[in-house]
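Peer 1: Structure file upload34.cif, mmCIF, C-alpha atoms, is pasted below:
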```cif
data_model
loop_
_atom_site.label_atom_id
_atom_site.label_comp_id
_atom_site.auth_asym_id
_atom_site.auth_seq_id
_atom_site.Cartn_x
_atom_site.Cartn_y
_atom_site.Cartn_z
CA MET A 156 88.62 92.04 59.29
CA GLU A 157 87.88 94.26 56.32
CA PHE A 158 86.46 97.73 56.87
CA THR A 159 83.04 98.46 55.42
CA GLU A 160 82.44 101.53 53.27
CA GLU A 161 80.82 103.19 56.26
CA GLN A 162 83.76 102.41 58.55
CA LEU A 163 86.23 103.75 55.99
CA LYS A 164 84.29 106.99 56.06
CA ARG A 165 83.91 107.06 59.85
CA TYR A 166 87.62 106.53 60.46
CA SER A 167 88.90 108.41 57.39
CA ARG A 168 90.67 111.11 59.46
CA HIS A 169 92.57 108.40 61.26
CA ILE A 170 93.33 106.33 58.21
CA ILE A 171 94.74 109.36 56.40
CA LEU A 172 97.34 109.82 59.17
CA PRO A 173 100.52 107.97 58.17
CA GLU A 174 101.07 107.02 61.82
CA VAL A 175 97.68 105.31 61.98
CA GLY A 176 96.65 104.22 58.48
CA GLY A 177 94.47 101.20 57.77
CA LYS A 178 96.87 99.06 59.77
CA GLY A 179 96.65 101.20 62.89
CA GLN A 180 92.89 101.49 62.61
CA LYS A 181 92.68 97.70 62.41
CA LYS A 182 94.74 97.48 65.62
CA ILE A 183 92.35 99.96 67.25
CA SER A 184 89.34 97.91 66.18
CA GLU A 185 90.89 94.79 67.67
CA ALA A 186 91.99 96.37 70.96
CA LYS A 187 90.37 95.58 74.30
CA VAL A 188 90.48 98.31 76.93
CA LEU A 189 89.15 98.14 80.49
CA ILE A 190 88.24 101.43 82.17
CA ILE A 191 87.87 101.35 85.95
CA GLY A 192 85.50 104.10 87.09
CA ALA A 193 82.83 105.57 84.79
CA GLY A 194 83.01 109.00 86.42
CA GLY A 195 84.78 112.25 85.58
CA LEU A 196 87.78 110.53 83.98
CA GLY A 197 86.15 107.33 82.74
CA CYS A 198 83.51 109.25 80.75
CA PRO A 199 85.87 111.22 78.46
CA VAL A 200 88.33 108.33 78.16
CA GLY A 201 85.56 105.95 77.09
CA TYR A 202 83.87 108.55 74.90
CA TYR A 203 87.02 109.22 72.84
CA LEU A 204 88.01 105.57 72.68
CA ALA A 205 84.51 104.69 71.47
CA ALA A 206 84.72 107.44 68.84
CA ALA A 207 88.13 106.12 67.79
CA GLY A 208 86.62 102.68 67.22
CA VAL A 209 88.32 100.67 69.98
CA GLY A 210 86.87 97.18 69.49
CA THR A 211 85.99 96.31 73.07
CA ILE A 212 85.58 98.77 75.93
CA ALA A 213 84.65 97.52 79.38
CA LEU A 214 83.55 99.91 82.10
CA VAL A 215 83.65 98.95 85.75
CA ASP A 216 81.57 100.97 88.21
CA ASN A 217 78.99 100.07 90.82
CA ASP A 218 77.72 103.61 91.50
CA ASN A 219 74.54 105.13 90.13
CA VAL A 220 74.35 108.47 88.33
CA GLU A 221 73.46 111.46 90.52
CA LEU A 222 72.56 115.02 89.54
CA SER A 223 75.80 116.36 91.07
CA ASN A 224 77.80 114.17 88.65
CA LEU A 225 76.49 115.91 85.54
CA GLN A 226 78.73 118.99 86.00
CA ARG A 227 81.62 116.87 84.63
CA GLN A 228 80.63 113.25 83.88
CA ILE A 229 79.74 113.83 80.25
CA ALA A 230 78.55 110.35 79.31
CA HIS A 231 75.59 110.56 81.69
CA SER A 232 72.45 112.67 81.45
CA VAL A 233 69.28 113.57 83.30
CA LYS A 234 67.74 110.57 81.57
CA THR A 235 70.09 108.17 83.33
CA ILE A 236 69.94 109.52 86.88
CA ASP A 237 69.76 106.55 89.28
CA VAL A 238 71.01 104.24 86.50
CA ASN A 239 74.28 102.36 87.07
CA LYS A 240 77.13 104.51 85.72
CA ALA A 241 78.72 101.73 83.64
CA GLU A 242 75.32 101.00 82.06
CA SER A 243 74.59 104.70 81.48
CA ALA A 244 77.96 105.25 79.75
CA LYS A 245 77.48 102.09 77.69
CA GLN A 246 74.25 103.54 76.24
CA THR A 247 76.02 106.78 75.32
CA PHE A 248 79.05 105.11 73.73
CA GLU A 249 76.91 102.67 71.72
CA ALA A 250 74.84 105.56 70.40
CA LEU A 251 78.04 107.27 69.27
CA ASN A 252 79.58 104.22 67.65
CA PRO A 253 77.74 100.93 67.16
CA ASP A 254 81.02 99.28 65.98
CA VAL A 255 82.22 99.19 69.57
CA ASN A 256 81.41 96.34 71.90
CA VAL A 257 80.79 98.08 75.23
CA ILE A 258 80.62 95.90 78.31
CA ALA A 259 79.16 97.35 81.50
CA VAL A 260 80.41 95.73 84.70
CA ASN A 261 78.29 96.71 87.69
CA GLU A 262 80.78 95.61 90.35
CA ARG A 263 82.89 97.25 93.01
CA ILE A 264 86.49 96.44 92.23
CA GLY A 265 88.40 94.67 94.99
CA SER A 266 91.17 92.18 95.64
CA LYS A 267 88.83 89.23 94.95
CA ASN A 268 87.62 90.20 91.47
CA ILE A 269 90.32 92.45 89.99
CA LEU A 270 92.57 89.82 88.42
CA GLY A 271 89.62 88.12 86.71
CA LEU A 272 88.39 91.49 85.44
CA ILE A 273 91.64 92.74 83.94
CA ARG A 274 93.04 89.44 82.66
CA ASP A 275 91.42 89.53 79.20
CA TYR A 276 92.21 93.18 78.41
CA ASP A 277 95.20 94.72 76.62
CA ILE A 278 95.26 98.06 78.44
CA ILE A 279 93.79 99.18 81.77
CA VAL A 280 92.70 102.76 82.54
CA ASP A 281 92.50 104.02 86.11
CA GLY A 282 89.81 106.64 86.65
CA THR A 283 88.94 105.78 90.23
CA ASP A 284 88.38 108.18 93.10
CA ASN A 285 90.24 106.69 96.04
CA PHE A 286 93.74 105.60 97.07
CA PRO A 287 93.04 101.97 98.08
CA THR A 288 91.66 101.15 94.63
CA ARG A 289 94.53 102.97 92.90
CA TYR A 290 97.13 100.92 94.77
CA LEU A 291 95.16 97.72 94.18
CA ILE A 292 94.90 98.38 90.42
CA ASN A 293 98.62 99.17 90.27
CA ASP A 294 99.59 95.97 92.08
CA ALA A 295 97.26 93.80 89.94
CA CYS A 296 98.59 95.36 86.71
CA VAL A 297 102.19 94.77 87.82
CA MET A 298 101.37 91.12 88.63
CA LEU A 299 99.69 90.48 85.27
CA LYS A 300 102.05 92.83 83.35
CA LYS A 301 99.21 94.95 81.99
CA PRO A 302 99.91 98.48 80.75
CA LEU A 303 98.09 100.94 82.99
CA VAL A 304 97.19 104.52 82.09
CA SER A 305 96.60 106.33 85.35
CA GLY A 306 94.95 109.71 85.81
CA ALA A 307 93.95 111.67 88.91
CA ILE A 308 92.34 115.03 89.53
CA LEU A 309 91.66 117.39 92.41
CA ARG A 310 90.34 120.95 92.36
CA PHE A 311 92.38 122.55 89.52
CA GLU A 312 95.19 120.03 89.24
CA GLY A 313 95.62 116.74 87.42
CA GLN A 314 98.26 114.03 87.12
CA VAL A 315 98.80 111.45 84.37
CA THR A 316 101.29 108.62 83.95
CA THR A 317 101.58 105.44 81.93
CA ILE A 318 102.80 102.39 83.78
CA MET A 319 104.46 99.66 81.72
CA PRO A 320 105.18 96.78 84.12
CA GLY A 321 108.58 95.21 83.53
CA GLU A 322 109.74 98.21 81.51
CA GLY A 323 109.33 101.18 83.81
CA PRO A 324 108.33 102.34 87.27
CA CYS A 325 104.93 101.66 88.84
CA TYR A 326 102.62 103.81 90.96
CA ARG A 327 104.31 102.58 94.16
CA CYS A 328 107.70 103.69 92.74
CA LEU A 329 106.13 107.13 92.42
CA PHE A 330 104.29 107.36 95.74
CA GLU A 331 105.43 104.69 98.18
CA GLU A 332 102.27 104.73 100.21
CA PRO A 333 98.86 106.39 100.27
CA PRO A 334 98.38 109.39 102.55
CA PRO A 335 96.67 108.59 105.83
CA PRO A 336 92.89 109.10 105.84
CA GLY A 337 91.87 112.72 106.29
CA LEU A 338 95.07 114.37 105.06
CA VAL A 339 94.23 114.72 101.37
CA PRO A 340 90.69 115.88 100.68
CA SER A 341 88.46 114.14 98.13
CA CYS A 342 86.83 115.91 95.19
CA GLN A 343 83.55 115.67 97.08
CA GLU A 344 85.08 117.66 99.93
CA ALA A 345 87.44 119.92 97.99
CA GLY A 346 85.65 120.30 94.65
CA VAL A 347 86.87 119.88 91.10
CA LEU A 348 86.59 122.14 88.07
CA GLY A 349 84.17 120.30 85.76
CA VAL A 350 86.36 120.49 82.66
CA LEU A 351 89.51 119.26 84.44
CA PRO A 352 88.69 115.53 84.09
CA GLY A 353 88.06 116.27 80.40
CA VAL A 354 91.65 117.50 79.98
CA ILE A 355 93.17 114.65 81.97
CA GLY A 356 90.83 112.02 80.48
CA ALA A 357 91.68 113.17 76.95
CA LEU A 358 95.39 112.79 77.80
CA GLN A 359 94.72 109.28 79.11
CA ALA A 360 92.77 108.36 75.94
CA THR A 361 95.68 109.69 73.86
CA GLU A 362 98.10 107.46 75.77
CA VAL A 363 95.83 104.45 75.21
CA LEU A 364 95.62 105.05 71.45
CA LYS A 365 99.40 105.54 71.20
CA LEU A 366 99.95 102.23 72.98
CA ILE A 367 97.48 100.47 70.65
CA ILE A 368 99.02 101.75 67.41
CA GLY A 369 102.54 101.50 68.83
CA LYS A 370 103.53 105.03 67.84
CA GLY A 371 105.18 107.85 69.74
CA LYS A 372 106.64 107.81 73.19
CA PRO A 373 104.45 106.58 76.04
CA LEU A 374 104.35 108.68 79.23
CA LYS A 375 106.42 105.97 80.87
CA GLY A 376 108.74 106.93 83.72
CA ASN A 377 107.24 110.42 83.83
CA LEU A 378 104.44 112.10 85.70
CA LEU A 379 102.67 114.84 83.78
CA ILE A 380 101.18 117.49 86.05
CA TYR A 381 98.60 119.96 84.82
CA ASP A 382 97.81 123.09 86.79
CA ALA A 383 94.71 124.65 85.25
CA LEU A 384 94.93 127.95 87.15
CA GLY A 385 98.55 128.69 86.25
CA VAL A 386 98.23 127.00 82.81
CA ASN A 387 101.28 124.89 83.47
CA PHE A 388 102.08 121.46 82.13
CA ARG A 389 105.10 120.02 83.93
CA LYS A 390 106.75 116.65 83.57
CA VAL A 391 108.82 115.13 86.34
CA ARG A 392 110.85 111.95 86.14
CA ILE A 393 109.78 108.81 88.00
CA PRO A 394 112.83 106.63 88.62
CA LYS A 395 112.22 102.90 88.97
CA ASN A 396 112.62 102.08 92.65
CA ASP A 397 114.71 98.93 93.16
CA ASN A 398 113.22 98.67 96.64
CA CYS A 399 109.63 99.01 95.40
CA PRO A 400 107.42 96.67 97.44
CA VAL A 401 105.63 95.39 94.34
CA CYS A 402 107.90 95.78 91.31
CA GLY A 403 111.33 96.00 92.99
CA LYS A 404 114.06 93.35 93.08
CA ASP A 405 112.69 91.64 96.18
CA PRO A 406 108.96 92.39 96.19
CA LYS A 407 107.20 92.09 99.52
CA ILE A 408 103.71 92.34 98.10
CA LYS A 409 102.88 89.01 96.51
CA ASP A 410 99.14 88.89 97.13
CA LEU A 411 96.46 91.48 96.63
CA THR A 412 94.82 92.95 99.68
CA ASP A 413 92.22 95.62 100.20
CA LEU A 414 93.34 98.57 102.28
CA PRO A 415 91.08 99.48 105.18
CA GLU A 416 87.80 101.08 104.18
CA GLU A 417 88.51 104.35 105.96
CA TYR A 418 91.01 105.22 103.22
CA CYS A 419 88.01 105.41 100.91
CA SER A 420 86.62 108.40 102.75
CA ILE A 421 89.53 110.72 102.02
CA MET B 272 119.86 134.51 95.29
CA THR B 273 116.71 132.43 95.17
CA VAL B 274 115.26 129.12 94.15
CA LYS B 275 111.76 128.87 92.71
CA VAL B 276 109.40 126.57 94.57
CA ARG B 277 106.22 125.39 92.85
CA ILE B 278 103.37 124.91 95.26
CA PRO B 279 100.69 122.31 94.37
CA VAL B 280 97.08 123.47 94.26
CA PRO B 281 96.06 121.73 97.52
CA LEU B 282 98.75 123.70 99.43
CA GLN B 283 98.18 127.08 97.80
CA ARG B 284 95.81 128.01 100.59
CA LEU B 285 98.88 128.27 102.81
CA THR B 286 100.75 130.48 100.33
CA LYS B 287 97.84 132.90 99.92
CA GLY B 288 97.05 131.46 96.50
CA LYS B 289 100.60 131.77 95.15
CA GLU B 290 101.56 128.95 92.81
CA GLU B 291 105.24 129.78 93.00
CA VAL B 292 107.23 131.16 95.90
CA ASP B 293 110.89 132.06 96.37
CA GLY B 294 113.13 130.13 98.72
CA GLU B 295 116.75 130.15 99.79
CA PRO B 296 119.47 127.80 98.56
CA GLY B 297 120.57 125.10 101.00
CA THR B 298 119.26 121.62 101.76
CA ILE B 299 115.68 120.64 100.95
CA ILE B 300 114.74 120.37 104.60
CA SER B 301 116.20 123.79 105.45
CA LEU B 302 114.30 125.22 102.50
CA VAL B 303 111.04 123.66 103.72
CA ASN B 304 111.61 124.94 107.25
CA SER B 305 112.46 128.45 106.10
CA LEU B 306 109.35 128.56 103.90
CA ASP B 307 107.31 127.54 106.92
CA LYS B 308 108.32 130.77 108.68
CA LYS B 309 106.74 132.75 105.88
CA TYR B 310 103.87 130.33 105.22
CA PRO B 311 103.04 128.65 108.52
CA GLY B 312 101.77 125.07 108.21
CA LEU B 313 103.64 124.29 105.01
CA ALA B 314 106.41 122.24 106.64
CA GLU B 315 103.95 120.06 108.51
CA ARG B 316 102.10 119.19 105.31
CA ILE B 317 105.29 118.18 103.52
CA SER B 318 107.45 116.71 106.28
CA GLU B 319 107.31 115.06 109.65
CA GLY B 320 110.18 115.05 112.15
CA GLY B 321 112.62 116.41 109.59
CA LYS B 322 111.75 113.73 107.00
CA LEU B 323 109.70 114.19 103.85
CA ARG B 324 106.31 112.49 104.00
CA ARG B 325 106.07 109.38 101.85
CA PHE B 326 103.05 110.52 99.84
CA VAL B 327 104.61 113.87 98.94
CA ASN B 328 107.42 113.99 96.41
CA VAL B 329 109.89 116.82 95.99
CA TYR B 330 111.67 117.36 92.70
CA VAL B 331 114.73 119.47 91.93
CA ASN B 332 114.50 120.35 88.22
CA GLU B 333 112.43 117.22 87.41
CA GLU B 334 114.55 114.85 89.54
CA ASP B 335 113.04 113.12 92.57
CA VAL B 336 115.07 113.92 95.70
CA ARG B 337 114.43 110.39 97.05
CA PHE B 338 116.90 109.21 94.44
CA MET B 339 119.39 111.96 95.30
CA ASN B 340 120.19 112.85 98.92
CA ASN B 341 116.60 112.99 100.08
CA GLU B 342 116.04 115.77 102.66
CA GLU B 343 119.74 116.64 102.51
CA THR B 344 119.74 117.25 98.75
CA GLU B 345 121.38 120.61 98.10
CA VAL B 346 119.54 123.15 96.00
CA LYS B 347 121.32 126.06 94.46
CA ASP B 348 120.46 129.42 93.03
CA GLY B 349 118.30 129.07 89.93
CA ASP B 350 117.02 125.57 90.72
CA GLU B 351 113.32 124.85 90.33
CA ILE B 352 111.70 122.87 93.09
CA SER B 353 108.34 121.12 92.66
CA ILE B 354 106.27 119.76 95.50
CA VAL B 355 103.96 117.01 94.22
CA PRO B 356 101.48 115.28 96.54
CA ALA B 357 99.61 112.10 95.62
CA ILE B 358 96.04 112.84 94.56
CA ALA B 359 93.34 110.28 93.91
CA GLY B 360 90.26 112.02 92.54
CA GLY B 361 88.63 110.52 89.48
CA GLY B 362 85.23 111.83 90.10
#
```
Just give me the structure as structure tokens.

Peer 2:
Amino acid sequence: MEFTEEQLKRYSRHIILPEVGGKGQKKISEAKVLIIGAGGLGCPVGYYLAAAGVGTIALVDNDNVELSNLQRQIAHSVKTIDVNKAESAKQTFEALNPDVNVIAVNERIGSKNILGLIRDYDIIVDGTDNFPTRYLINDACVMLKKPLVSGAILRFEGQVTTIMPGEGPCYRCLFEEPPPPGLVPSCQEAGVLGVLPGVIGALQATEVLKLIIGKGKPLKGNLLIYDALGVNFRKVRIPKNDNCPVCGKDPKIKDLTDLPEEYCSI
Amino acid sequence: MTVKVRIPVPLQRLTKGKEEVDGEPGTIISLVNSLDKKYPGLAERISEGGKLRRFVNVYVNEEDVRFMNNEETEVKDGDEISIVPAIAGGG
């Protein structure tokens, strides 16, 4: 694919970077990224990836936009209240960059549909809001060896890591099991500073672009923790767990299952 | 003689908003239990029956204690301890 005059202009600040160049921009335009959750994290991730010219961006979300989302979910607006979030974000991203093929998937992700959804994509982004889905996405990405850029937020704190199945640890190596329902509050119960998903989502989008152009060091084997109140960025090491139930030497999890619904309420 | 313990945001309610508190050198579990005297409720959130909970990780200077001596990992003066719970918000 040759860039048009207009595309050369649009992506000129990328192309001028030696680390990106025309070659890197071509990789970006050919990349296929699937974002699960078009909420606080999915909006900024998709927004920046659309601006960067990622060829295909799919968004998976079965929720509709509500007024209380607009404090942080920047791809939606008062015009798309009650519209499916994936569809709402698609409209925004297409308006920003018509080069990008945005696919809205109005489905709830579960053990039955996840493998089919992620199979055709190069990189998966986790921007979901509950533990069962996070563990499911991790397990599916390990099984299909898909790079996964995971982000999570609560109140004033965020976490980011990049999971490279076969090369580094997975989410289960980091946290062996989800907390029991009721012990960790959700954003709905505990609140979240509106700009926090912007910081964490921008970090996730950065990781995705680095993976696409193959430059720099991915956040593999590390968890980056951001504390907005104390203005601290800390990185801790995630060792690969040989006894990990999904990516260890003798994995016990061989099929995908949905955790009980009550986990969703935390 | 102290070690610095970083408290995650969800637990800062128990430390009166402090993001970092001082603890005493010793094993991880003795550190957790001694902090609980000053900040009641902290030990229960991090551990159960003397064992660290499986969705809360504890790091000594960036290293996960699960891959060291777990609850019995020794911390010494000047070490930095981080308590990191799993969070799932994406909202």

Peer 1: What gap, in Å, lies between CA of Pro400 (chain A) and CA of Met298 (chain A)?

Peer 2: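 Computed distance, CA of Pro400 (chain A) to CA of Met298 (chain A), equals 12.0 Å.
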
Peer 1: Would you pick out the contacts of Phe338 (chain B) at 12 Å or less, using only C-alpha atoms, so that residues sharing its chain but fewer than 5 positions from it are not included, and give the list as a list in words?

Peer 2: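 Once the nearby chain positions are removed, what remains is Cys328, Leu329, Arg392, Ile393, Pro394, Lys395, Asn396, Asp397 and Asn398 of chain A; Asn328, Val329, Tyr330, Val331, Glu333, Glu343 and Thr344 of chain B.
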
Peer 1: Give the residues of chain B that lie within 7 Å of chain A; count only C-alpha atoms, and format the answer as an mmCIF file with C-alpha atoms, in the coordinates of the input.

Peer 2:
```
data_model
loop_
_atom_site.group_PDB
_atom_site.id
_atom_site.type_symbol
_atom_site.label_atom_id
_atom_site.label_comp_id
_atom_site.auth_asym_id
_atom_site.auth_seq_id
_atom_site.Cartn_x
_atom_site.Cartn_y
_atom_site.Cartn_z
ATOM 1 C CA VAL B 280 97.080 123.470 94.260
ATOM 2 C CA ARG B 325 106.070 109.380 101.850
ATOM 3 C CA PHE B 326 103.050 110.520 99.840
ATOM 4 C CA GLU B 333 112.430 117.220 87.410
ATOM 5 C CA GLU B 334 114.550 114.850 89.540
ATOM 6 C CA ASP B 335 113.040 113.120 92.570
ATOM 7 C CA ALA B 357 99.610 112.100 95.620
ATOM 8 C CA ILE B 358 96.040 112.840 94.560
ATOM 9 C CA ALA B 359 93.340 110.280 93.910
ATOM 10 C CA GLY B 360 90.260 112.020 92.540
ATOM 11 C CA GLY B 361 88.630 110.520 89.480
ATOM 12 C CA GLY B 362 85.230 111.830 90.100
#
```

Peer 1: On this structure, the PyMOL selection byres ((chain B and resi 351) around 10) would catch which residues? List them as a list in words, sorted by chain and number.

Peer 2: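 Listing what the PyMOL selection byres ((chain B and resi 351) around 10) selects in the shown file: Thr273, Val274, Lys275, Val276, Arg277, Glu291, Asp293, Gly294, Tyr330, Val331, Asn332, Glu333, Val346, Lys347, Asp348, Gly349, Asp350, Ile352 and Ser353 of chain B.
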
Peer 1: Near Ile367 (chain A), counting all atoms listed in the file, which residues have an atom at most 7 Å away, once you skip same-chain residues fewer than 5 positions from it, shown as a short mmCIF file (atom, residue, chain, number, x, y, z; two decimals) with C-alpha atoms, in the frame of the given file?

Peer 2:
```cif
data_model
loop_
_atom_site.label_atom_id
_atom_site.label_comp_id
_atom_site.auth_asym_id
_atom_site.auth_seq_id
_atom_site.Cartn_x
_atom_site.Cartn_y
_atom_site.Cartn_z
CA LYS A 182 94.74 97.48 65.62
CA ILE A 183 92.35 99.96 67.25
CA ALA A 186 91.99 96.37 70.96
#
```

Peer 1: Could you list, as a ChimeraX atom specification, every residue matched by the PyMOL selection byres ((chain A and resi 264) around 12) in this structure?

Peer 2: /A:190-192,214-218,260-263,265-273,281,283-285,287-292,295,411-413

Peer 1: Report the residues retrieved by the PyMOL selection byres ((chain A and resi 370-375) around 10) from the displayed file, expressed as a PyMOL selection string.

Peer 2: chain A and resi 174-175+179+302-304+315-320+322-325+358-359+361-369+376-379+390+392-393

Peer 1: Fewer than 6 positions away in the same chain doesn't count, so skip those; otherwise give me all residues within 10 Å of Glu345 (chain B), counting all atoms listed in the file, as a list in words.

Peer 2: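 The contact residues come out as Pro296, Gly297, Thr298, Ile299, Ile300, Ser301, Leu302, Val331, Val336 and Met339 of chain B.
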
Peer 1: Work out how far CA of Lys409 (chain A) is from CA of Ala213 (chain A), in Å to one decimal.

Peer 2: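 Atom-to-atom, CA of Ala213 (chain A) to CA of Lys409 (chain A), that is 26.4 Å.
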
Peer 1: Do you know which residues are at most 10 Å from Ala206 (chain A) counting all atoms listed in the file, after dropping those on the same chain fewer than 4 positions away, and could you put them as a PyMOL selection string?

Peer 2: chain A and resi 165-166+201-202+248-249+251-255

Peer 1: Between CA of Gly353 (chain A) and CA of Val280 (chain A), what is the distance in Å, rounded to a tenth?

Peer 2: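 According to the coordinates, CA of Gly353 (chain A) and CA of Val280 (chain A) are separated by 14.4 Å.
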
Peer 1: May I ask you to restore N, CA and C atoms in region 274-296 of chain B and write the result as a short mmCIF file (atom, residue, chain, number, x, y, z; two decimals), keeping the file's coordinate frame?

Peer 2:
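Produced file rebuild19.cif, reproduced below:
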```
data_model
loop_
_atom_site.label_atom_id
_atom_site.label_comp_id
_atom_site.auth_asym_id
_atom_site.auth_seq_id
_atom_site.Cartn_x
_atom_site.Cartn_y
_atom_site.Cartn_z
N VAL B 274 115.74 130.26 94.91
CA VAL B 274 115.26 129.12 94.15
C VAL B 274 113.75 129.28 94.03
N LYS B 275 113.21 128.80 92.92
CA LYS B 275 111.76 128.87 92.71
C LYS B 275 111.13 127.59 93.24
N VAL B 276 110.08 127.74 94.02
CA VAL B 276 109.40 126.57 94.57
C VAL B 276 107.96 126.56 94.07
N ARG B 277 107.60 125.51 93.34
CA ARG B 277 106.22 125.39 92.85
C ARG B 277 105.35 124.71 93.90
N ILE B 278 104.27 125.38 94.21
CA ILE B 278 103.37 124.91 95.26
C ILE B 278 102.17 124.22 94.60
N PRO B 279 101.84 122.97 94.99
CA PRO B 279 100.69 122.31 94.37
C PRO B 279 99.38 122.96 94.81
N VAL B 280 98.37 122.82 93.99
CA VAL B 280 97.08 123.47 94.26
C VAL B 280 96.56 123.21 95.69
N PRO B 281 96.61 121.95 96.18
CA PRO B 281 96.06 121.73 97.52
C PRO B 281 96.78 122.52 98.63
N LEU B 282 98.01 122.96 98.38
CA LEU B 282 98.75 123.70 99.43
C LEU B 282 98.75 125.21 99.20
N GLN B 283 98.13 125.64 98.11
CA GLN B 283 98.18 127.08 97.80
C GLN B 283 97.37 127.94 98.77
N ARG B 284 96.51 127.27 99.53
CA ARG B 284 95.81 128.01 100.59
C ARG B 284 96.80 128.60 101.58
N LEU B 285 97.88 127.84 101.83
CA LEU B 285 98.88 128.27 102.81
C LEU B 285 99.78 129.36 102.25
N THR B 286 99.88 129.47 100.92
CA THR B 286 100.75 130.48 100.33
C THR B 286 99.93 131.65 99.78
N LYS B 287 98.75 131.83 100.32
CA LYS B 287 97.84 132.90 99.92
C LYS B 287 97.56 132.86 98.42
N GLY B 288 97.41 131.63 97.90
CA GLY B 288 97.05 131.46 96.50
C GLY B 288 98.23 131.49 95.53
N LYS B 289 99.43 131.71 96.04
CA LYS B 289 100.60 131.77 95.15
C LYS B 289 100.97 130.38 94.66
N GLU B 290 101.17 130.24 93.35
CA GLU B 290 101.56 128.95 92.81
C GLU B 290 103.08 128.76 92.81
N GLU B 291 103.78 129.86 92.96
CA GLU B 291 105.24 129.78 93.00
C GLU B 291 105.76 130.75 94.04
N VAL B 292 106.65 130.28 94.89
CA VAL B 292 107.23 131.16 95.90
C VAL B 292 108.76 131.07 95.81
N ASP B 293 109.43 132.06 96.38
CA ASP B 293 110.89 132.06 96.37
C ASP B 293 111.42 131.46 97.66
N GLY B 294 112.48 130.70 97.54
CA GLY B 294 113.13 130.13 98.72
C GLY B 294 114.62 130.38 98.66
N GLU B 295 115.30 129.93 99.74
CA GLU B 295 116.75 130.15 99.79
C GLU B 295 117.50 128.87 99.49
N PRO B 296 118.65 128.99 98.82
CA PRO B 296 119.47 127.80 98.56
C PRO B 296 119.89 127.14 99.87
#
```
